[in-house]
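One structure below.
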Amino acid sequence: MPTHQPLHPGLSAAEVNARRQRGQTNNFKPRVGRTYWQIVRDNVFNLFNIVLGTLLLIVVLLQDYSTAIFAGFSVVTNSILGTIQEINAKRKLDRLAALAAKEARVWRDGELQTISIYDLVQDDIIPIEPGDKIVVDGRVLASDALEMDESQLTGESDSVFKVVDSELTSGSFCIAGTGVMVATRVGKASTINQLSVAAKAYKNVKTPTQQRLDALVELMIVVMLLIGPMLFFSELRHGQSFLNAIRSEVVFVSSIVPQGLVLTALLSLTLGAISISRHQTLIQRVNAVESLANVTTLCFDKTGTLTQNKLAVTELLPLNGAANEDIHHKLRLYLQNLAHLNRTAGAVAEYSEHTFSNHRGPVPSKVREIPFSSARKWGAIIFEDETLVMGAPERLLPDTDDSYGALARARDLSRQGLRVLAFGRAAEPSQDSALAQVEPLALIVLSDQVRPDIQTTLDAFQGQNVRLKVISGDNLETVQAIARQSGMPADRAYTGDHLEAMSGAEFEVAVMESSLFARIEPETKRRIIATLKKQGEYVAMVGDGVNDVPALKEAHLAIVMNDGTQISKDVSDIVLLNNAMSTLPFAFQEGRQITQSIYGTAKLFLAKNFYNIALIFFIGFMTLPFPTTPVQISWITFGTVNIPATLIAIGWIRPGYMAKFRKDVLDYVFTAGITGAAMLALLYVVSYFATDENTFAARSAVTLFIAIYGTLIFWNIHEVELFWPRTMLKHWRVTLFGLVLLALTMVVPFLVPQFFDFVPPTPALCCWVRCSTTWY
């Protein structure tokens, strides 16, 4: 692979050390994740904890220590456990992220070295090749058709040619050609780091489920701030003491905000990311775990996904009577003057070297180069007397004049799943935007074997109802042939030219109906992704090259091969460390299981919140004493909600399948909440009047019923139905666990009734309640 020699050997070790001592290094890491302080702050010093903590402080000052201990127990445990889990997960993910550590090549002491980007110093000499991201600001020392993409900085999609002494800005990346630069601004002074600091690089991208949960929590906080003060003054007006009013306020606040739900959801996502990463799949954004569960369409190129990406030239077919030796001589001139050998050019160079190794001698220097790009589909080397061109046959060989039969022959080979390049010469120098008439010299035929496990992988995706779409830059016939060999439908397919000629409505129909797209340019690829999103699809994009970056940025979920270019990995959410799509079905399945865990914990927390709040309102309308105490509700919630939810979050138990958040979670919560609140209100009223208005006895009855009702909800989430004994046998572990947890939760108030203000129910009360509820 050609590599520019620097104008001087680079910095010496002594010069590097001197710059390190002056602080002229690139050892600066803008904030791209939550710091330890932010984790502690968000888990401890949130609005819910501040409000409840203030109330508990008042309770302590009034010397009601039991209320402070029990009501504060869930707050403290949630905060401590949430902080510990997040810190541990952050450390594990940071270690996993080190597997994809960014490196740079640099000339030092006359040798080309590979170092961490954080070890770069000012005045380092850095070579540039296609796919390289510029990580420090600098100045061009040498340029060979160097073409840069600065869209991430300027928003302009057009590439920019760079010549000697041109400024290079960190954050841009090379799309064609090669060059050498000297670092001028590093560390915090570089453009990309300044932008990162100004924009506060860390951005917590929320998944659909997290957005729904956050909306619910925000709504409940608003309700808490509105209703809380009114409830407090209402308690005082009805003759309650200041302490009892504060106790009621503690119950209300702890009931209305499902703080544990947010923590268990984050815990589920984090543990899911760690689990998936053990299967050669690096999660770069934790929320991407749940995004995997939402994917309905997966788009990918055929190269490296359907095929093994091991290109090899199988045949060179002379055209127009050209002699083999003349073809290989010109091919050698072309290849040895390329600034950079991509995989395709590398395969051709290896074939030429092995087949015609006797061709030696001086190679004339080029006048200039037009590097290959995905948009052009061809590249050219311009000499003084001729121009040599290599690229897609349909771009170099016009359809209107196929007197040599080259284009038809290329199409026949493409239908066999082979990749075909045209090689020719032009008498006139080519222009960047226009190609002169090309005299074809040869067709170069390359093969790439289909992955042996691809059929199993594709079947796994289809089994998860994920639609598959191949978006390739290759010839249409080649893409169709490879797709058929992989077991994909290939009858309906479009080329980029077909799509560009369509109206907006036709484009949308074609994108939705077809599974194959060929000769697609980067912008068209991005439009396909955007169209799928517009039609309601949740789109994941698998890529590896510079040409995939616009589509990766457009997709909901960006997945990149580990061998991909650095810029593609920089914009990705997930990196496939083993460069194989075969690990993705497992990741998709794990993402769905994590989403089910979040749905299950949401049912537990939200149902509890709903029936508790509804009960408070029902009893308030009847102007009866508050229906429970902080100690009672905190203990019952800990036993029947917090413990099961944590076990669901860490994957020890799995809830039954839930398809839709609205239908399977929110509708269930509303039904269970109203039903539970009505039954609790009736029980409270009956118990209250049956015991001559004994508030303690009525609250005790409510406490026991909440424990039983919470267990029923836990069972129901795991598909255990009380009136269907077969389900109890089928899920006997969950059934047994629920019974044990219920027994342990209920027995404690019986053992220490004075601590819980608990009055054990008498046979007479049980009979009275039974008769009254039956009559009702």
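By order of appearance in the structure tokens: chains A, B, ..., then residues from 1 within every chain, and ligands from 1 in the order shown.
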
Need to verify the contact set: region 368-383 of chain A, 7 Å, only C-alpha atoms, exclusion of same-chain residues closer than 2 positions in sequence. Can you return it as a list in words? Ala145, Ala176, Gly177, Tyr334, Lys366, Asp385, Glu386, Thr387, Leu388, Val389, Met390, Gly391, Ala392, Pro429, Asp432, Glu521, Pro522 and Asn547 of chain A

With all heavy atoms retained, write the just-selected residues as a compact mmCIF listing (two decimals), in the first residue's frame.
```
# COMPACT_ATOMS: atom_id res chain seq x y z
N ALA A 145 -3.94 14.21 -4.55
CA ALA A 145 -5.39 14.17 -4.80
C ALA A 145 -6.17 14.05 -3.49
O ALA A 145 -7.17 13.34 -3.41
CB ALA A 145 -5.74 13.02 -5.74
N ALA A 176 -10.81 10.50 -0.13
CA ALA A 176 -10.06 10.03 -1.30
C ALA A 176 -8.68 10.67 -1.28
O ALA A 176 -8.47 11.72 -0.67
CB ALA A 176 -10.80 10.38 -2.59
N GLY A 177 -7.75 10.01 -1.99
CA GLY A 177 -6.40 10.54 -2.07
C GLY A 177 -5.63 10.30 -0.78
O GLY A 177 -6.11 9.68 0.16
N TYR A 334 -0.95 2.22 -13.59
CA TYR A 334 -2.12 2.76 -12.86
C TYR A 334 -2.00 2.47 -11.37
O TYR A 334 -2.13 3.37 -10.52
CB TYR A 334 -3.40 2.15 -13.43
CG TYR A 334 -4.66 2.60 -12.73
CD1 TYR A 334 -5.30 3.77 -13.12
CD2 TYR A 334 -5.21 1.86 -11.69
CE1 TYR A 334 -6.45 4.20 -12.48
CE2 TYR A 334 -6.35 2.28 -11.03
CZ TYR A 334 -6.97 3.45 -11.44
OH TYR A 334 -8.12 3.87 -10.79
N LYS A 366 2.85 10.40 -12.35
CA LYS A 366 1.57 10.93 -12.80
C LYS A 366 1.59 12.45 -12.77
O LYS A 366 2.35 13.08 -12.02
CB LYS A 366 0.44 10.42 -11.91
CG LYS A 366 0.56 10.85 -10.46
CD LYS A 366 -0.45 10.15 -9.58
CE LYS A 366 -0.24 10.50 -8.11
NZ LYS A 366 -1.11 9.74 -7.22
N ASP A 385 0.87 11.79 -21.56
CA ASP A 385 0.41 11.40 -22.88
C ASP A 385 -0.90 10.61 -22.89
O ASP A 385 -1.47 10.36 -23.96
CB ASP A 385 1.49 10.58 -23.60
CG ASP A 385 1.91 9.36 -22.77
OD1 ASP A 385 1.54 9.32 -21.57
OD2 ASP A 385 2.59 8.48 -23.32
N GLU A 386 -1.37 10.19 -21.74
CA GLU A 386 -2.62 9.44 -21.71
C GLU A 386 -3.20 9.44 -20.29
O GLU A 386 -2.52 9.82 -19.33
CB GLU A 386 -2.42 8.00 -22.19
CG GLU A 386 -1.56 7.17 -21.26
CD GLU A 386 -1.43 5.72 -21.72
OE1 GLU A 386 -2.16 5.32 -22.64
OE2 GLU A 386 -0.60 4.99 -21.14
N THR A 387 -4.43 9.01 -20.22
CA THR A 387 -5.12 8.87 -18.94
C THR A 387 -5.62 7.44 -18.81
O THR A 387 -6.26 6.91 -19.72
CB THR A 387 -6.33 9.83 -18.85
OG1 THR A 387 -5.85 11.17 -18.93
CG2 THR A 387 -7.08 9.64 -17.55
N LEU A 388 -5.27 6.79 -17.70
CA LEU A 388 -5.74 5.43 -17.42
C LEU A 388 -6.88 5.50 -16.42
O LEU A 388 -6.80 6.22 -15.42
CB LEU A 388 -4.59 4.57 -16.87
CG LEU A 388 -3.40 4.39 -17.82
CD1 LEU A 388 -2.32 3.57 -17.15
CD2 LEU A 388 -3.84 3.73 -19.13
N VAL A 389 -7.93 4.71 -16.69
CA VAL A 389 -9.16 4.79 -15.90
C VAL A 389 -9.58 3.39 -15.48
O VAL A 389 -9.48 2.43 -16.25
CB VAL A 389 -10.30 5.44 -16.72
CG1 VAL A 389 -11.51 5.73 -15.83
CG2 VAL A 389 -9.83 6.71 -17.38
N MET A 390 -10.10 3.27 -14.24
CA MET A 390 -10.66 2.02 -13.76
C MET A 390 -11.92 2.32 -12.98
O MET A 390 -11.96 3.28 -12.18
CB MET A 390 -9.67 1.26 -12.86
CG MET A 390 -10.19 -0.10 -12.37
SD MET A 390 -9.06 -0.90 -11.20
CE MET A 390 -7.67 -1.26 -12.28
N GLY A 391 -12.96 1.50 -13.21
CA GLY A 391 -14.20 1.73 -12.48
C GLY A 391 -15.32 0.84 -12.95
O GLY A 391 -15.10 -0.20 -13.59
N ALA A 392 -16.54 1.26 -12.63
CA ALA A 392 -17.72 0.47 -12.97
C ALA A 392 -17.91 0.44 -14.48
O ALA A 392 -17.83 1.48 -15.15
CB ALA A 392 -18.96 1.08 -12.30
N PRO A 429 -7.24 14.19 -21.14
CA PRO A 429 -7.29 14.17 -19.68
C PRO A 429 -8.74 14.26 -19.18
O PRO A 429 -9.53 15.03 -19.71
CB PRO A 429 -6.48 15.41 -19.28
CG PRO A 429 -5.60 15.69 -20.45
CD PRO A 429 -6.40 15.27 -21.65
N ASP A 432 -12.86 16.25 -13.39
CA ASP A 432 -13.44 15.67 -12.19
C ASP A 432 -14.91 15.35 -12.36
O ASP A 432 -15.42 14.38 -11.79
CB ASP A 432 -13.27 16.64 -11.01
CG ASP A 432 -11.79 16.83 -10.68
OD1 ASP A 432 -10.98 16.09 -11.26
OD2 ASP A 432 -11.48 17.71 -9.86
N GLU A 521 -25.46 5.67 -4.49
CA GLU A 521 -24.49 6.64 -4.01
C GLU A 521 -24.79 7.00 -2.56
O GLU A 521 -25.91 6.79 -2.08
CB GLU A 521 -24.51 7.88 -4.91
CG GLU A 521 -24.11 7.58 -6.35
CD GLU A 521 -24.11 8.81 -7.23
OE1 GLU A 521 -24.40 9.91 -6.70
OE2 GLU A 521 -23.83 8.67 -8.44
N PRO A 522 -23.82 7.56 -1.84
CA PRO A 522 -24.02 7.84 -0.41
C PRO A 522 -25.26 8.67 -0.09
O PRO A 522 -25.99 8.37 0.86
CB PRO A 522 -22.73 8.58 -0.03
CG PRO A 522 -21.71 8.05 -0.97
CD PRO A 522 -22.44 7.83 -2.27
N ASN A 547 -18.35 5.89 2.66
CA ASN A 547 -19.58 6.12 1.90
C ASN A 547 -20.82 5.77 2.71
O ASN A 547 -21.93 6.15 2.34
CB ASN A 547 -19.55 5.29 0.61
CG ASN A 547 -19.44 3.80 0.90
OD1 ASN A 547 -18.60 3.39 1.68
ND2 ASN A 547 -20.26 3.00 0.26
```

Do a neighbour search on region 292-295 of chain A at 6 Å with only C-alpha atoms, toss out local chain neighbours closer than 4 positions, and write the hits as JSON, numbers by chain. {"A": [538, 539, 588, 591, 592]}

Within 12 Å of Ala322 (chain A), counting only C-alpha atoms, which residues qualify if same-chain residues fewer than 2 places away don't, as a list of chain:residue names?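 Here the answer would be A:Leu316, A:Leu317, A:Pro318, A:Leu319, A:Asn320, A:Asn324, A:Glu325, A:Asp326, A:Ile327, A:His328, A:His329, A:Lys330, A:Tyr404, A:Phe423, A:Gly424, A:Arg425, A:Glu439, A:Pro440, A:Leu441, A:Ala442, A:Leu443.
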
With N, CA, C and O atoms retained, write the just-selected residues as an mmCIF file, in the first residue's frame.
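This is the output file result24.cif:
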```cif
data_model
loop_
_atom_site.group_PDB
_atom_site.id
_atom_site.type_symbol
_atom_site.label_atom_id
_atom_site.label_comp_id
_atom_site.auth_asym_id
_atom_site.auth_seq_id
_atom_site.Cartn_x
_atom_site.Cartn_y
_atom_site.Cartn_z
ATOM 1 N N LEU A 316 -8.749 -11.935 -16.075
ATOM 2 C CA LEU A 316 -8.587 -10.658 -16.751
ATOM 3 C C LEU A 316 -8.912 -10.886 -18.221
ATOM 4 O O LEU A 316 -8.240 -11.682 -18.898
ATOM 5 N N LEU A 317 -9.928 -10.203 -18.720
ATOM 6 C CA LEU A 317 -10.422 -10.443 -20.078
ATOM 7 C C LEU A 317 -10.040 -9.274 -20.978
ATOM 8 O O LEU A 317 -10.553 -8.159 -20.833
ATOM 9 N N PRO A 318 -9.099 -9.492 -21.930
ATOM 10 C CA PRO A 318 -8.703 -8.415 -22.847
ATOM 11 C C PRO A 318 -9.868 -7.986 -23.734
ATOM 12 O O PRO A 318 -10.730 -8.789 -24.104
ATOM 13 N N LEU A 319 -9.889 -6.723 -24.081
ATOM 14 C CA LEU A 319 -10.913 -6.168 -24.974
ATOM 15 C C LEU A 319 -10.229 -5.422 -26.112
ATOM 16 O O LEU A 319 -9.085 -4.965 -25.981
ATOM 17 N N ASN A 320 -10.937 -5.303 -27.205
ATOM 18 C CA ASN A 320 -10.470 -4.490 -28.327
ATOM 19 C C ASN A 320 -9.125 -4.956 -28.876
ATOM 20 O O ASN A 320 -8.332 -4.162 -29.378
ATOM 21 N N ASN A 324 -2.061 -8.968 -23.715
ATOM 22 C CA ASN A 324 -1.979 -9.150 -22.266
ATOM 23 C C ASN A 324 -0.844 -8.336 -21.650
ATOM 24 O O ASN A 324 -1.009 -7.711 -20.603
ATOM 25 N N GLU A 325 0.314 -8.375 -22.281
ATOM 26 C CA GLU A 325 1.465 -7.683 -21.710
ATOM 27 C C GLU A 325 1.235 -6.180 -21.686
ATOM 28 O O GLU A 325 1.622 -5.490 -20.729
ATOM 29 N N ASP A 326 0.606 -5.646 -22.728
ATOM 30 C CA ASP A 326 0.328 -4.216 -22.772
ATOM 31 C C ASP A 326 -0.679 -3.839 -21.678
ATOM 32 O O ASP A 326 -0.535 -2.811 -21.007
ATOM 33 N N ILE A 327 -1.683 -4.714 -21.503
ATOM 34 C CA ILE A 327 -2.694 -4.458 -20.461
ATOM 35 C C ILE A 327 -2.032 -4.434 -19.090
ATOM 36 O O ILE A 327 -2.260 -3.514 -18.279
ATOM 37 N N HIS A 328 -1.192 -5.414 -18.813
ATOM 38 C CA HIS A 328 -0.579 -5.497 -17.488
ATOM 39 C C HIS A 328 0.438 -4.392 -17.262
ATOM 40 O O HIS A 328 0.620 -3.933 -16.125
ATOM 41 N N HIS A 329 1.092 -3.964 -18.330
ATOM 42 C CA HIS A 329 2.013 -2.841 -18.195
ATOM 43 C C HIS A 329 1.254 -1.581 -17.777
ATOM 44 O O HIS A 329 1.660 -0.882 -16.843
ATOM 45 N N LYS A 330 0.147 -1.317 -18.459
ATOM 46 C CA LYS A 330 -0.637 -0.125 -18.121
ATOM 47 C C LYS A 330 -1.324 -0.283 -16.755
ATOM 48 O O LYS A 330 -1.472 0.686 -16.004
ATOM 49 N N TYR A 404 -17.585 -3.342 -28.753
ATOM 50 C CA TYR A 404 -16.683 -4.403 -28.331
ATOM 51 C C TYR A 404 -17.422 -5.496 -27.562
ATOM 52 O O TYR A 404 -16.828 -6.498 -27.193
ATOM 53 N N PHE A 423 -11.289 -1.502 -17.281
ATOM 54 C CA PHE A 423 -10.010 -0.788 -17.295
ATOM 55 C C PHE A 423 -9.775 -0.296 -18.708
ATOM 56 O O PHE A 423 -9.971 -1.039 -19.679
ATOM 57 N N GLY A 424 -9.417 0.983 -18.829
ATOM 58 C CA GLY A 424 -9.231 1.526 -20.168
ATOM 59 C C GLY A 424 -8.354 2.759 -20.148
ATOM 60 O O GLY A 424 -7.789 3.139 -19.126
ATOM 61 N N ARG A 425 -8.247 3.376 -21.316
ATOM 62 C CA ARG A 425 -7.445 4.587 -21.422
ATOM 63 C C ARG A 425 -8.221 5.636 -22.204
ATOM 64 O O ARG A 425 -9.097 5.322 -23.020
ATOM 65 N N GLU A 439 -11.339 4.181 -24.185
ATOM 66 C CA GLU A 439 -11.075 3.004 -25.008
ATOM 67 C C GLU A 439 -10.888 1.818 -24.075
ATOM 68 O O GLU A 439 -9.914 1.754 -23.329
ATOM 69 N N PRO A 440 -11.802 0.852 -24.050
ATOM 70 C CA PRO A 440 -11.684 -0.264 -23.094
ATOM 71 C C PRO A 440 -10.497 -1.154 -23.436
ATOM 72 O O PRO A 440 -10.274 -1.508 -24.588
ATOM 73 N N LEU A 441 -9.752 -1.520 -22.417
ATOM 74 C CA LEU A 441 -8.615 -2.425 -22.579
ATOM 75 C C LEU A 441 -8.899 -3.807 -22.005
ATOM 76 O O LEU A 441 -8.447 -4.813 -22.554
ATOM 77 N N ALA A 442 -9.629 -3.851 -20.908
ATOM 78 C CA ALA A 442 -9.857 -5.158 -20.270
ATOM 79 C C ALA A 442 -11.004 -5.068 -19.278
ATOM 80 O O ALA A 442 -11.353 -3.982 -18.786
ATOM 81 N N LEU A 443 -11.579 -6.233 -19.017
ATOM 82 C CA LEU A 443 -12.503 -6.399 -17.893
ATOM 83 C C LEU A 443 -11.768 -7.200 -16.823
ATOM 84 O O LEU A 443 -11.148 -8.225 -17.118
#
```

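Among the candidates A:Leu55, A:Ala743, A:Ala677, A:Leu666, the one nearest to Ile616 (chain A) when counting only C-alpha atoms is A:Ala677.
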
If DSSP is run on the backbone, what residues of region 384-517 of chain A are strand (DSSP E or B)? A reply as number ranges by chain would be ideal. A: 387-391, 419-426, 439-447, 450, 467-471, 493-495, 516-517

Residue nearest Val222 (chain A) among A:Glu513, A:Glu235, A:Val253, A:Ala614 (counting only C-alpha atoms):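 Looking at the shortest contact to Val222 (chain A), the residue is A:Val253.
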
For Arg699 (chain A), work out the shell of residues within 8 Å, counting only C-alpha atoms and skipping chain neighbours fewer than 4 positions away, then give it as a list in words.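 Skipping anything fewer than 4 positions along the chain leaves Pro627, Thr628, Thr629, Tyr684, Thr695, Thr703 and Phe758 of chain A.
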
Write to file, as a short mmCIF file (atom, residue, chain, number, x, y, z; two decimals), in the first residue's frame, the residues of the selection just made, with N, CA, C and O atoms.
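New file part_33.cif:
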```cif
data_model
loop_
_atom_site.label_atom_id
_atom_site.label_comp_id
_atom_site.auth_asym_id
_atom_site.auth_seq_id
_atom_site.Cartn_x
_atom_site.Cartn_y
_atom_site.Cartn_z
N PRO A 627 -55.41 6.33 54.60
CA PRO A 627 -55.58 4.87 54.62
C PRO A 627 -54.35 4.05 54.96
O PRO A 627 -54.44 2.83 55.08
N THR A 628 -53.16 4.64 55.07
CA THR A 628 -51.96 3.85 55.38
C THR A 628 -50.91 4.76 55.99
O THR A 628 -51.06 5.99 56.02
N THR A 629 -49.84 4.15 56.48
CA THR A 629 -48.74 4.91 57.08
C THR A 629 -47.47 4.72 56.27
O THR A 629 -47.35 3.74 55.51
N TYR A 684 -61.25 -0.75 53.14
CA TYR A 684 -60.93 0.22 54.18
C TYR A 684 -62.20 0.72 54.87
O TYR A 684 -62.28 0.80 56.10
N THR A 695 -58.94 3.29 63.15
CA THR A 695 -58.09 3.58 61.99
C THR A 695 -56.95 2.58 61.86
O THR A 695 -56.60 2.15 60.76
N THR A 703 -53.06 -2.89 54.48
CA THR A 703 -51.67 -3.32 54.33
C THR A 703 -51.59 -4.76 53.85
O THR A 703 -50.83 -5.09 52.91
N PHE A 758 -49.68 -1.99 63.71
CA PHE A 758 -50.44 -3.06 63.06
C PHE A 758 -51.37 -3.74 64.06
O PHE A 758 -50.96 -4.07 65.18
#
```

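Minimum atom-to-atom distances from A:Leu736, A:Ala142, A:Leu298, A:Val348 to Leu552 (chain A) were compared using only C-alpha atoms, and the lowest value belongs to A:Leu298.
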
With DSSP run on the backbone, what are the helix (DSSP H, G or I) residues within region 538-658 of chain A? I'd like them as a PyMOL selection string. chain A and resi 546-554+566-570+581-621+630-649

Identify which of the residues A:Ile636, A:Ala602, A:Val575, A:Leu682 lies closest to Tyr709 (chain A), counting only C-alpha atoms when measuring atom-to-atom distances. A:Ile636

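Residues with any atom within 12 Å of Gly463 (chain A), counting only C-alpha atoms and excluding same-chain neighbours fewer than 4 positions away, are Thr296, Thr456, Thr457, Leu458, Asp459, Arg467, Leu468, Pro585, Phe586, Phe588 and Gln589 of chain A.
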
I'd like the neighbourhood of Asp119 (chain A) as a CSV table (one decimal) with N, CA, C and O atoms, in the first residue's frame, where a residue qualifies if any of its atoms comes within 12 Å (using only C-alpha atoms), though same-chain residues fewer than 4 positions away should be ignored.
```csv
chain,number,residue,atom,x,y,z
A,16,VAL,N,9.6,14.9,21.4
A,16,VAL,CA,8.3,14.5,21.9
A,16,VAL,C,8.2,14.8,23.4
A,16,VAL,O,7.2,15.3,23.9
A,17,ASN,N,9.2,14.4,24.2
A,17,ASN,CA,9.2,14.5,25.6
A,17,ASN,C,9.1,16.0,26.0
A,17,ASN,O,8.5,16.4,27.0
A,19,ARG,N,7.8,18.4,24.3
A,19,ARG,CA,6.4,19.0,24.1
A,19,ARG,C,5.4,18.4,25.2
A,19,ARG,O,4.5,19.1,25.6
A,20,ARG,N,5.6,17.2,25.6
A,20,ARG,CA,4.8,16.7,26.7
A,20,ARG,C,5.0,17.5,28.0
A,20,ARG,O,4.0,17.8,28.7
A,23,GLY,N,3.1,20.6,27.9
A,23,GLY,CA,1.6,20.4,27.9
A,23,GLY,C,1.1,20.5,26.5
A,23,GLY,O,-0.1,20.6,26.3
A,24,GLN,N,1.9,20.3,25.4
A,24,GLN,CA,1.5,20.4,24.0
A,24,GLN,C,1.1,19.0,23.5
A,24,GLN,O,1.6,18.5,22.5
A,25,THR,N,0.2,18.3,24.2
A,25,THR,CA,-0.2,17.0,23.9
A,25,THR,C,-1.7,16.9,23.5
A,25,THR,O,-2.4,17.9,23.8
A,26,ASN,N,-2.1,15.8,23.0
A,26,ASN,CA,-3.5,15.7,22.7
A,26,ASN,C,-4.2,14.9,23.7
A,26,ASN,O,-5.3,14.3,23.5
A,27,ASN,N,-3.7,14.8,24.9
A,27,ASN,CA,-4.3,14.1,26.0
A,27,ASN,C,-5.4,14.9,26.7
A,27,ASN,O,-5.3,15.4,27.8
A,28,PHE,N,-6.4,15.0,25.9
A,28,PHE,CA,-7.6,15.7,26.4
A,28,PHE,C,-8.9,14.9,25.9
A,28,PHE,O,-9.0,14.6,24.8
A,29,LYS,N,-9.7,14.6,26.9
A,29,LYS,CA,-10.9,13.8,26.6
A,29,LYS,C,-12.2,14.6,27.0
A,29,LYS,O,-12.5,14.8,28.1
A,102,LYS,N,-9.0,4.4,19.9
A,102,LYS,CA,-8.6,5.1,18.6
A,102,LYS,C,-7.1,5.2,18.6
A,102,LYS,O,-6.4,5.6,19.5
A,103,GLU,N,-6.6,4.9,17.4
A,103,GLU,CA,-5.1,5.0,17.2
A,103,GLU,C,-4.9,5.9,16.0
A,103,GLU,O,-5.7,6.1,15.1
A,104,ALA,N,-3.6,6.3,15.9
A,104,ALA,CA,-3.2,7.2,14.8
A,104,ALA,C,-1.8,6.7,14.4
A,104,ALA,O,-1.0,6.2,15.2
A,105,ARG,N,-1.5,6.9,13.1
A,105,ARG,CA,-0.1,6.6,12.6
A,105,ARG,C,0.6,7.9,12.6
A,105,ARG,O,0.1,9.0,12.2
A,106,VAL,N,1.9,7.9,12.9
A,106,VAL,CA,2.7,9.1,13.0
A,106,VAL,C,4.2,8.7,12.7
A,106,VAL,O,4.6,7.6,13.0
A,113,GLN,N,5.0,4.9,13.1
A,113,GLN,CA,4.5,4.2,14.3
A,113,GLN,C,3.0,4.4,14.5
A,113,GLN,O,2.4,5.3,14.0
A,114,THR,N,2.4,3.4,15.2
A,114,THR,CA,1.0,3.5,15.5
A,114,THR,C,0.9,3.8,17.0
A,114,THR,O,1.4,3.0,17.8
A,115,ILE,N,0.2,4.9,17.4
A,115,ILE,CA,0.1,5.3,18.8
A,115,ILE,C,-1.4,5.7,19.0
A,115,ILE,O,-2.2,5.8,18.1
A,124,ASP,N,3.7,16.9,15.4
A,124,ASP,CA,3.8,15.5,14.9
A,124,ASP,C,3.5,15.4,13.4
A,124,ASP,O,2.7,16.2,12.9
A,135,VAL,N,-7.8,14.0,13.7
A,135,VAL,CA,-8.1,14.1,15.2
A,135,VAL,C,-7.4,15.4,15.8
A,135,VAL,O,-7.7,15.7,17.0
A,136,VAL,N,-6.5,16.0,15.1
A,136,VAL,CA,-6.0,17.3,15.5
A,136,VAL,C,-6.0,18.3,14.4
A,136,VAL,O,-6.0,17.9,13.2
A,186,VAL,N,-3.4,20.9,19.2
A,186,VAL,CA,-3.7,19.6,19.7
A,186,VAL,C,-4.5,19.8,21.1
A,186,VAL,O,-4.6,21.0,21.6
A,187,GLY,N,-5.0,18.7,21.6
A,187,GLY,CA,-5.7,18.8,22.9
A,187,GLY,C,-6.9,19.7,22.9
A,187,GLY,O,-7.6,19.8,22.0
```

Go ahead and compute the interatomic distance for CA of Leu219 (chain A) and CA of Ile708 (chain A), in Å to one decimal.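 Atom-to-atom, CA of Leu219 (chain A) to CA of Ile708 (chain A), that is 28.1 Å.
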
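Note that the spacing between CA of Ser241 (chain A) and CA of Gln63 (chain A) amounts to 14.0 Å.
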
Of the candidates A:Arg185, A:Arg332, A:Arg343, A:Arg527, which shows the shortest atom-to-atom distance to Gly564 (chain A), using only C-alpha atoms?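 Between A:Arg185, A:Arg332, A:Arg343, A:Arg527, the residue approaching Gly564 (chain A) most closely is A:Arg343.
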
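Taking CA of Leu282 (chain A) and CA of Met488 (chain A) as the two end points, the separation is 27.6 Å.
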